[in-house]
Amino acid sequence: MEATRWLDEHQDRAWRGYRRMRRLLDLELARELTQDAGLSEPDYDVLSDLSETPQGRLRLSELADRMLWSRSRLSHHLTRMQQRGLVTREECPDDARGAIVVLTPAGRDAIEAAAPGHVTAVRQHFLDLLTPAEVEALGAFTHRVVDHLARSRAPRPRRGRQA
C-alpha cells in the first residue's frame, strides 16, 4: 500500500480556504436568491437549465444528470415547482416511462426576474474580487477538475467471471 501523501502547509491552506469559501459563498448566494426572488438554488438551476433550451423543455433524466441528482429526488422537487406553476411535465412521446419537463410562462417570468439579481450577487461576492488573470486560471482549473471527475464517474465495465 502506498504511503499517504499529506498536504503541505500551502496546499492545506489552499484546500481549507477553498472549502470555507465554497460554503460561505453558497450560503450567501442562496440567501440572497431566496430573499430577492423567492427561489431556492435548485429552483434556479431547474429554471435556468430549461430557459437555456430552445423550447424550454428537457427530458427529466437529462435535467437530473445536469443537476447531479437522482431522478426520484428531481421528480419530488419538480412536484413542488409544479404546484407553484413554474414547470409542467409531459409524457415523453418516444418513451412511455420518460417525462419531459416544460418551463411555464410563470417559470420564465421567475427566472427572468431572478437572473439579474443573481448575476449581480455572483459578481459582488466572487467574480469582481478576482483579476482577469485569476478568472482565466479559475476557468482552466475548474474545467480540468470537472473533466477528471466526469471521467472517474463514467460507468466502468463489470468484470465477469472467467471460466
# chains A, B, ... in the order shown; residues from 1 in each chain; ligands from 1
call {"tool": "residues_around", "arguments": {"residues": "Gly107 in chain A", "least_positions_apart": "6", "cutoff": "9 Å", "atoms": "only C-alpha atoms", "output": "list in words"}}
result
Leu47, Ser51, Met81, Arg84, Gly85, Leu86 and Val87 of chain A
call {"tool": "write_last_selection", "arguments": {"atoms": "all heavy atoms", "output": "short mmCIF file (atom, residue, chain, number, x, y, z; two decimals), in the first residue's frame"}}
result
data_model
loop_
_atom_site.label_atom_id
_atom_site.label_comp_id
_atom_site.auth_asym_id
_atom_site.auth_seq_id
_atom_site.Cartn_x
_atom_site.Cartn_y
_atom_site.Cartn_z
N LEU A 47 -34.94 26.14 -13.49
CA LEU A 47 -35.46 27.18 -14.38
C LEU A 47 -34.39 27.68 -15.35
O LEU A 47 -34.67 27.91 -16.53
CB LEU A 47 -36.03 28.35 -13.56
CG LEU A 47 -37.23 28.02 -12.67
CD1 LEU A 47 -37.60 29.23 -11.82
CD2 LEU A 47 -38.41 27.53 -13.49
N SER A 51 -34.62 27.33 -19.31
CA SER A 51 -34.69 28.58 -20.09
C SER A 51 -33.60 28.66 -21.15
O SER A 51 -33.73 29.42 -22.11
CB SER A 51 -34.61 29.80 -19.16
OG SER A 51 -33.30 29.97 -18.66
N MET A 81 -42.41 22.42 -7.60
CA MET A 81 -42.35 23.52 -8.57
C MET A 81 -43.62 23.57 -9.42
O MET A 81 -44.09 24.65 -9.77
CB MET A 81 -41.11 23.39 -9.45
CG MET A 81 -39.80 23.63 -8.70
SD MET A 81 -38.35 23.52 -9.78
CE MET A 81 -38.51 25.10 -10.65
N ARG A 84 -46.39 25.35 -7.73
CA ARG A 84 -46.21 26.80 -7.78
C ARG A 84 -46.37 27.34 -9.19
O ARG A 84 -46.22 28.54 -9.42
CB ARG A 84 -44.84 27.16 -7.21
CG ARG A 84 -44.78 26.86 -5.72
CD ARG A 84 -43.39 26.81 -5.12
NE ARG A 84 -42.48 27.83 -5.57
CZ ARG A 84 -41.16 27.63 -5.73
NH1 ARG A 84 -40.63 26.44 -5.51
NH2 ARG A 84 -40.40 28.61 -6.14
N GLY A 85 -46.63 26.47 -10.16
CA GLY A 85 -46.88 26.90 -11.53
C GLY A 85 -45.63 27.25 -12.33
O GLY A 85 -45.73 27.88 -13.39
N LEU A 86 -44.45 26.81 -11.87
CA LEU A 86 -43.20 27.16 -12.54
C LEU A 86 -42.84 26.22 -13.70
O LEU A 86 -42.17 26.63 -14.65
CB LEU A 86 -42.05 27.20 -11.53
CG LEU A 86 -42.22 28.20 -10.38
CD1 LEU A 86 -41.10 28.03 -9.36
CD2 LEU A 86 -42.27 29.62 -10.91
N VAL A 87 -43.24 24.97 -13.58
CA VAL A 87 -42.97 23.97 -14.61
C VAL A 87 -44.18 23.05 -14.74
O VAL A 87 -45.04 23.01 -13.86
CB VAL A 87 -41.72 23.10 -14.28
CG1 VAL A 87 -40.45 23.93 -14.20
CG2 VAL A 87 -41.91 22.29 -13.01
#
call {"tool": "closest_atom_pairs", "arguments": {"of": "range 53-113 of chain A", "to": "range 148-153 of chain A", "cutoff": "12 Å", "atoms": "only C-alpha atoms", "output": "JSON lines"}}
result
{"residue": "A:Asp65", "atom": "CA", "partner": "A:Ala150", "partner_atom": "CA", "distance": 11.4}
{"residue": "A:Arg66", "atom": "CA", "partner": "A:Ala150", "partner_atom": "CA", "distance": 11.7}
{"residue": "A:Leu68", "atom": "CA", "partner": "A:Ala150", "partner_atom": "CA", "distance": 11.0}
call {"tool": "closest_residue", "arguments": {"among": "A:Asp147, A:Asp45, A:Asp95, A:Glu112", "to": "Leu74 in chain A", "atoms": "only C-alpha atoms"}}
result
A:Asp45
call {"tool": "closest_residue", "arguments": {"among": "A:Val135, A:Val101, A:Leu78, A:Met1", "to": "Thr53 in chain A", "atoms": "only C-alpha atoms"}}
result
A:Val101
call {"tool": "select_by_dssp", "arguments": {"residues": "range 80-161 of chain A", "states": "strand (DSSP E)", "output": "JSON, numbers by chain"}}
result
{"A": [87, 88, 89, 90, 91, 92, 95, 96, 97, 98, 99, 100, 101, 102, 103]}
call {"tool": "write_last_selection", "arguments": {"atoms": "all heavy atoms", "output": "short mmCIF file (atom, residue, chain, number, x, y, z; two decimals), in the first residue's frame"}}
result
data_model
loop_
_atom_site.label_atom_id
_atom_site.label_comp_id
_atom_site.auth_asym_id
_atom_site.auth_seq_id
_atom_site.Cartn_x
_atom_site.Cartn_y
_atom_site.Cartn_z
N VAL A 87 -43.24 24.97 -13.58
CA VAL A 87 -42.97 23.97 -14.61
C VAL A 87 -44.18 23.05 -14.74
O VAL A 87 -45.04 23.01 -13.86
CB VAL A 87 -41.72 23.10 -14.28
CG1 VAL A 87 -40.45 23.93 -14.20
CG2 VAL A 87 -41.91 22.29 -13.01
N THR A 88 -44.22 22.33 -15.85
CA THR A 88 -45.18 21.24 -16.02
C THR A 88 -44.40 20.03 -16.51
O THR A 88 -43.23 20.14 -16.89
CB THR A 88 -46.28 21.58 -17.05
OG1 THR A 88 -45.66 21.85 -18.31
CG2 THR A 88 -47.11 22.76 -16.62
N ARG A 89 -45.07 18.88 -16.51
CA ARG A 89 -44.47 17.66 -17.05
C ARG A 89 -45.37 17.11 -18.12
O ARG A 89 -46.60 17.16 -18.00
CB ARG A 89 -44.31 16.61 -15.95
CG ARG A 89 -43.08 16.81 -15.12
CD ARG A 89 -42.89 15.67 -14.17
NE ARG A 89 -43.35 16.08 -12.86
CZ ARG A 89 -42.98 15.54 -11.73
NH1 ARG A 89 -42.16 14.53 -11.73
NH2 ARG A 89 -43.43 15.98 -10.58
N GLU A 90 -44.75 16.60 -19.16
CA GLU A 90 -45.49 15.95 -20.24
C GLU A 90 -44.93 14.55 -20.43
O GLU A 90 -43.77 14.30 -20.11
CB GLU A 90 -45.33 16.74 -21.55
CG GLU A 90 -45.89 18.13 -21.49
CD GLU A 90 -45.63 18.91 -22.79
OE1 GLU A 90 -44.94 18.38 -23.69
OE2 GLU A 90 -46.10 20.05 -22.87
N GLU A 91 -45.75 13.68 -20.99
CA GLU A 91 -45.26 12.35 -21.32
C GLU A 91 -44.26 12.46 -22.46
O GLU A 91 -44.39 13.31 -23.34
CB GLU A 91 -46.41 11.44 -21.73
CG GLU A 91 -47.31 11.07 -20.57
CD GLU A 91 -48.40 10.09 -20.99
OE1 GLU A 91 -48.30 9.50 -22.10
OE2 GLU A 91 -49.33 9.91 -20.21
N CYS A 92 -43.28 11.60 -22.43
CA CYS A 92 -42.28 11.56 -23.49
C CYS A 92 -42.85 10.74 -24.65
O CYS A 92 -43.24 9.59 -24.46
CB CYS A 92 -41.00 10.93 -22.96
SG CYS A 92 -39.66 10.93 -24.11
N ASP A 95 -40.86 7.42 -25.26
CA ASP A 95 -40.53 6.57 -24.12
C ASP A 95 -41.66 6.70 -23.09
O ASP A 95 -41.77 7.71 -22.40
CB ASP A 95 -39.19 7.00 -23.51
CG ASP A 95 -38.77 6.17 -22.31
OD1 ASP A 95 -39.50 5.23 -21.92
OD2 ASP A 95 -37.70 6.47 -21.74
N ALA A 96 -42.47 5.67 -23.00
CA ALA A 96 -43.64 5.71 -22.12
C ALA A 96 -43.27 5.94 -20.66
O ALA A 96 -44.06 6.47 -19.88
CB ALA A 96 -44.46 4.43 -22.26
N ARG A 97 -42.05 5.54 -20.27
CA ARG A 97 -41.63 5.72 -18.88
C ARG A 97 -40.98 7.08 -18.64
O ARG A 97 -40.78 7.48 -17.52
CB ARG A 97 -40.66 4.63 -18.46
CG ARG A 97 -41.28 3.24 -18.49
CD ARG A 97 -40.30 2.18 -18.11
NE ARG A 97 -39.07 2.33 -18.90
CZ ARG A 97 -37.89 1.83 -18.57
NH1 ARG A 97 -37.75 1.16 -17.46
NH2 ARG A 97 -36.85 2.00 -19.35
N GLY A 98 -40.64 7.80 -19.71
CA GLY A 98 -39.94 9.06 -19.59
C GLY A 98 -40.89 10.24 -19.43
O GLY A 98 -42.10 10.12 -19.66
N ALA A 99 -40.34 11.36 -19.04
CA ALA A 99 -41.13 12.59 -18.90
C ALA A 99 -40.32 13.76 -19.44
O ALA A 99 -39.09 13.75 -19.39
CB ALA A 99 -41.48 12.83 -17.44
N ILE A 100 -41.03 14.74 -19.94
CA ILE A 100 -40.44 15.98 -20.41
C ILE A 100 -40.82 17.07 -19.41
O ILE A 100 -42.00 17.22 -19.06
CB ILE A 100 -40.96 16.37 -21.82
CG1 ILE A 100 -40.76 15.24 -22.82
CG2 ILE A 100 -40.33 17.68 -22.29
CD1 ILE A 100 -39.34 14.95 -23.19
N VAL A 101 -39.85 17.83 -18.95
CA VAL A 101 -40.10 18.95 -18.04
C VAL A 101 -40.18 20.20 -18.90
O VAL A 101 -39.32 20.45 -19.75
CB VAL A 101 -38.97 19.10 -17.00
CG1 VAL A 101 -39.30 20.22 -16.02
CG2 VAL A 101 -38.74 17.79 -16.27
N VAL A 102 -41.24 20.99 -18.69
CA VAL A 102 -41.51 22.15 -19.53
C VAL A 102 -41.58 23.41 -18.67
O VAL A 102 -42.28 23.44 -17.65
CB VAL A 102 -42.84 21.98 -20.31
CG1 VAL A 102 -43.10 23.16 -21.22
CG2 VAL A 102 -42.84 20.66 -21.09
N LEU A 103 -40.87 24.43 -19.10
CA LEU A 103 -40.90 25.73 -18.44
C LEU A 103 -42.22 26.42 -18.77
O LEU A 103 -42.59 26.54 -19.94
CB LEU A 103 -39.72 26.57 -18.96
CG LEU A 103 -39.50 27.95 -18.35
CD1 LEU A 103 -39.14 27.84 -16.87
CD2 LEU A 103 -38.39 28.66 -19.11
#
call {"tool": "select_by_dssp", "arguments": {"residues": "chain A", "states": "alpha helix (DSSP H)", "output": "number ranges by chain"}}
result
A: 9-37, 41-51, 60-67, 71-83, 105-125, 132-153
call {"tool": "write_last_selection", "arguments": {"atoms": "C-alpha atoms", "output": "compact mmCIF listing (two decimals), in the first residue's frame"}}
result
# COMPACT_ATOMS: atom_id res chain seq x y z
CA GLU A 9 1.28 23.89 4.55
CA HIS A 10 0.48 25.77 1.32
CA GLN A 11 -1.76 23.01 -0.04
CA ASP A 12 -3.61 22.71 3.28
CA ARG A 13 -4.18 26.46 3.41
CA ALA A 14 -5.49 26.47 -0.17
CA TRP A 15 -7.73 23.43 0.38
CA ARG A 16 -9.25 24.69 3.63
CA GLY A 17 -9.69 28.17 2.18
CA TYR A 18 -11.48 26.75 -0.86
CA ARG A 19 -13.83 24.67 1.30
CA ARG A 20 -14.68 27.58 3.59
CA MET A 21 -15.14 29.96 0.64
CA ARG A 22 -17.42 27.50 -1.15
CA ARG A 23 -19.63 27.04 1.91
CA LEU A 24 -19.86 30.77 2.65
CA LEU A 25 -20.42 31.70 -1.00
CA ASP A 26 -23.11 29.04 -1.45
CA LEU A 27 -24.87 30.21 1.72
CA GLU A 28 -24.77 33.88 0.72
CA LEU A 29 -25.94 33.29 -2.86
CA ALA A 30 -28.75 31.01 -1.65
CA ARG A 31 -29.83 33.54 1.00
CA GLU A 32 -29.94 36.40 -1.50
CA LEU A 33 -31.73 34.30 -4.12
CA THR A 34 -34.42 33.28 -1.64
CA GLN A 35 -34.76 36.78 -0.19
CA ASP A 36 -34.79 38.64 -3.51
CA ALA A 37 -36.59 36.20 -5.82
CA GLU A 41 -30.92 27.24 -5.60
CA PRO A 42 -32.44 24.05 -7.07
CA ASP A 43 -35.43 26.09 -8.34
CA TYR A 44 -33.00 28.47 -10.02
CA ASP A 45 -30.97 25.61 -11.50
CA VAL A 46 -34.06 23.94 -12.98
CA LEU A 47 -35.46 27.18 -14.38
CA SER A 48 -32.09 28.29 -15.71
CA ASP A 49 -31.40 24.96 -17.45
CA LEU A 50 -34.87 24.93 -19.01
CA SER A 51 -34.69 28.58 -20.09
CA LEU A 60 -36.37 14.65 -16.79
CA SER A 61 -33.43 12.23 -16.97
CA GLU A 62 -31.23 14.80 -18.76
CA LEU A 63 -32.14 17.50 -16.25
CA ALA A 64 -31.34 15.12 -13.37
CA ASP A 65 -27.95 14.37 -14.95
CA ARG A 66 -27.20 18.09 -15.34
CA MET A 67 -28.05 18.72 -11.68
CA ARG A 71 -34.46 11.13 -10.98
CA SER A 72 -36.50 10.45 -7.86
CA ARG A 73 -35.12 13.45 -5.99
CA LEU A 74 -35.67 15.71 -9.00
CA SER A 75 -39.17 14.36 -9.51
CA HIS A 76 -40.12 15.27 -5.93
CA HIS A 77 -38.66 18.74 -6.37
CA LEU A 78 -40.49 19.22 -9.69
CA THR A 79 -43.77 18.32 -8.00
CA ARG A 80 -43.29 21.27 -5.65
CA MET A 81 -42.35 23.52 -8.57
CA GLN A 82 -45.44 22.36 -10.48
CA GLN A 83 -47.63 23.26 -7.52
CA PRO A 105 -44.71 31.29 -18.68
CA ALA A 106 -44.68 31.85 -14.90
CA GLY A 107 -41.41 29.91 -14.68
CA ARG A 108 -39.89 32.01 -17.47
CA ASP A 109 -41.04 35.18 -15.69
CA ALA A 110 -39.50 33.92 -12.43
CA ILE A 111 -36.08 33.17 -13.96
CA GLU A 112 -36.05 36.43 -15.92
CA ALA A 113 -36.84 38.35 -12.73
CA ALA A 114 -34.28 36.43 -10.62
CA ALA A 115 -31.33 36.31 -13.05
CA PRO A 116 -30.20 39.97 -12.89
CA GLY A 117 -30.01 39.94 -9.07
CA HIS A 118 -28.34 36.55 -9.02
CA VAL A 119 -25.69 37.63 -11.53
CA THR A 120 -25.11 40.81 -9.51
CA ALA A 121 -24.59 38.71 -6.37
CA VAL A 122 -22.19 36.32 -8.17
CA ARG A 123 -20.19 39.32 -9.35
CA GLN A 124 -20.27 41.13 -5.99
CA HIS A 125 -19.33 38.15 -3.84
CA PRO A 132 -8.93 38.87 -15.20
CA ALA A 133 -5.92 36.51 -14.97
CA GLU A 134 -7.45 34.82 -11.91
CA VAL A 135 -10.77 34.39 -13.73
CA GLU A 136 -8.90 32.81 -16.64
CA ALA A 137 -6.99 30.49 -14.28
CA LEU A 138 -10.22 29.62 -12.44
CA GLY A 139 -11.86 28.63 -15.71
CA ALA A 140 -8.89 26.47 -16.66
CA PHE A 141 -8.56 24.56 -13.43
CA THR A 142 -12.29 24.13 -12.79
CA HIS A 143 -12.68 22.57 -16.23
CA ARG A 144 -9.69 20.31 -15.58
CA VAL A 145 -11.15 19.10 -12.28
CA VAL A 146 -14.66 18.69 -13.75
CA ASP A 147 -13.26 16.68 -16.67
CA HIS A 148 -11.29 14.48 -14.25
CA LEU A 149 -14.34 13.88 -12.05
CA ALA A 150 -16.57 13.19 -15.06
CA ARG A 151 -14.12 10.53 -16.26
CA SER A 152 -13.97 8.98 -12.79
CA ARG A 153 -17.81 8.88 -12.62
call {"tool": "atom_distance", "arguments": {"atom1": "CA of Phe126 in chain A", "atom2": "CA of Glu52 in chain A"}}
result
23.0 Å
call {"tool": "atom_distance", "arguments": {"atom1": "CA of Ser40 in chain A", "atom2": "CA of Leu130 in chain A"}}
result
26.1 Å
call {"tool": "atom_distance", "arguments": {"atom1": "CA of Leu39 in chain A", "atom2": "CA of Leu129 in chain A"}}
result
25.3 Å
call {"tool": "decode", "arguments": {"residues": "range 29-59 of chain A", "atoms": "N, CA and C atoms", "output": "short mmCIF file (atom, residue, chain, number, x, y, z; two decimals), in the first residue's frame"}}
result
data_model
loop_
_atom_site.label_atom_id
_atom_site.label_comp_id
_atom_site.auth_asym_id
_atom_site.auth_seq_id
_atom_site.Cartn_x
_atom_site.Cartn_y
_atom_site.Cartn_z
N LEU A 29 -25.18 33.26 -1.60
CA LEU A 29 -25.94 33.29 -2.86
C LEU A 29 -27.33 32.71 -2.66
N ALA A 30 -27.44 31.62 -1.90
CA ALA A 30 -28.75 31.01 -1.65
C ALA A 30 -29.64 31.96 -0.84
N ARG A 31 -29.06 32.61 0.17
CA ARG A 31 -29.83 33.54 1.00
C ARG A 31 -30.37 34.69 0.16
N GLU A 32 -29.51 35.27 -0.68
CA GLU A 32 -29.94 36.40 -1.50
C GLU A 32 -30.97 35.97 -2.54
N LEU A 33 -30.79 34.79 -3.12
CA LEU A 33 -31.73 34.30 -4.12
C LEU A 33 -33.12 34.09 -3.50
N THR A 34 -33.14 33.50 -2.33
CA THR A 34 -34.42 33.28 -1.64
C THR A 34 -35.06 34.60 -1.23
N GLN A 35 -34.26 35.48 -0.66
CA GLN A 35 -34.76 36.78 -0.19
C GLN A 35 -35.24 37.65 -1.34
N ASP A 36 -34.48 37.72 -2.42
CA ASP A 36 -34.79 38.64 -3.51
C ASP A 36 -35.80 38.08 -4.51
N ALA A 37 -35.77 36.76 -4.74
CA ALA A 37 -36.59 36.20 -5.82
C ALA A 37 -37.55 35.11 -5.36
N GLY A 38 -37.45 34.69 -4.09
CA GLY A 38 -38.32 33.63 -3.61
C GLY A 38 -38.02 32.27 -4.22
N LEU A 39 -36.80 32.09 -4.70
CA LEU A 39 -36.41 30.82 -5.31
C LEU A 39 -35.30 30.16 -4.50
N SER A 40 -35.32 28.84 -4.46
CA SER A 40 -34.19 28.10 -3.90
C SER A 40 -33.14 27.93 -4.99
N GLU A 41 -31.95 27.51 -4.59
CA GLU A 41 -30.92 27.24 -5.60
C GLU A 41 -31.36 26.15 -6.58
N PRO A 42 -31.96 25.05 -6.10
CA PRO A 42 -32.44 24.05 -7.07
C PRO A 42 -33.53 24.60 -8.00
N ASP A 43 -34.42 25.45 -7.47
CA ASP A 43 -35.43 26.09 -8.34
C ASP A 43 -34.72 26.85 -9.45
N TYR A 44 -33.73 27.65 -9.05
CA TYR A 44 -33.00 28.47 -10.02
C TYR A 44 -32.29 27.59 -11.04
N ASP A 45 -31.67 26.51 -10.59
CA ASP A 45 -30.97 25.61 -11.50
C ASP A 45 -31.92 25.00 -12.52
N VAL A 46 -33.07 24.52 -12.07
CA VAL A 46 -34.06 23.94 -12.98
C VAL A 46 -34.52 24.99 -13.99
N LEU A 47 -34.94 26.14 -13.49
CA LEU A 47 -35.46 27.18 -14.38
C LEU A 47 -34.39 27.68 -15.35
N SER A 48 -33.18 27.82 -14.86
CA SER A 48 -32.09 28.29 -15.71
C SER A 48 -31.79 27.27 -16.81
N ASP A 49 -31.67 26.00 -16.44
CA ASP A 49 -31.40 24.96 -17.45
C ASP A 49 -32.51 24.91 -18.49
N LEU A 50 -33.76 24.98 -18.05
CA LEU A 50 -34.87 24.93 -19.01
C LEU A 50 -34.89 26.17 -19.89
N SER A 51 -34.62 27.33 -19.31
CA SER A 51 -34.69 28.58 -20.09
C SER A 51 -33.60 28.66 -21.15
N GLU A 52 -32.54 27.89 -20.99
CA GLU A 52 -31.43 27.91 -21.95
C GLU A 52 -31.63 26.94 -23.12
N THR A 53 -32.74 26.20 -23.11
CA THR A 53 -33.04 25.32 -24.24
C THR A 53 -33.98 26.05 -25.19
N PRO A 54 -33.92 25.72 -26.49
CA PRO A 54 -34.74 26.46 -27.46
C PRO A 54 -36.24 26.44 -27.16
N GLN A 55 -36.76 25.32 -26.70
CA GLN A 55 -38.20 25.22 -26.45
C GLN A 55 -38.56 25.27 -24.97
N GLY A 56 -37.57 25.47 -24.10
CA GLY A 56 -37.85 25.48 -22.66
C GLY A 56 -38.26 24.11 -22.16
N ARG A 57 -37.65 23.06 -22.76
CA ARG A 57 -38.04 21.68 -22.44
C ARG A 57 -36.80 20.80 -22.33
N LEU A 58 -36.82 19.87 -21.38
CA LEU A 58 -35.77 18.87 -21.25
C LEU A 58 -36.38 17.58 -20.73
N ARG A 59 -35.79 16.48 -21.13
CA ARG A 59 -36.18 15.20 -20.53
C ARG A 59 -35.79 15.24 -19.05
#
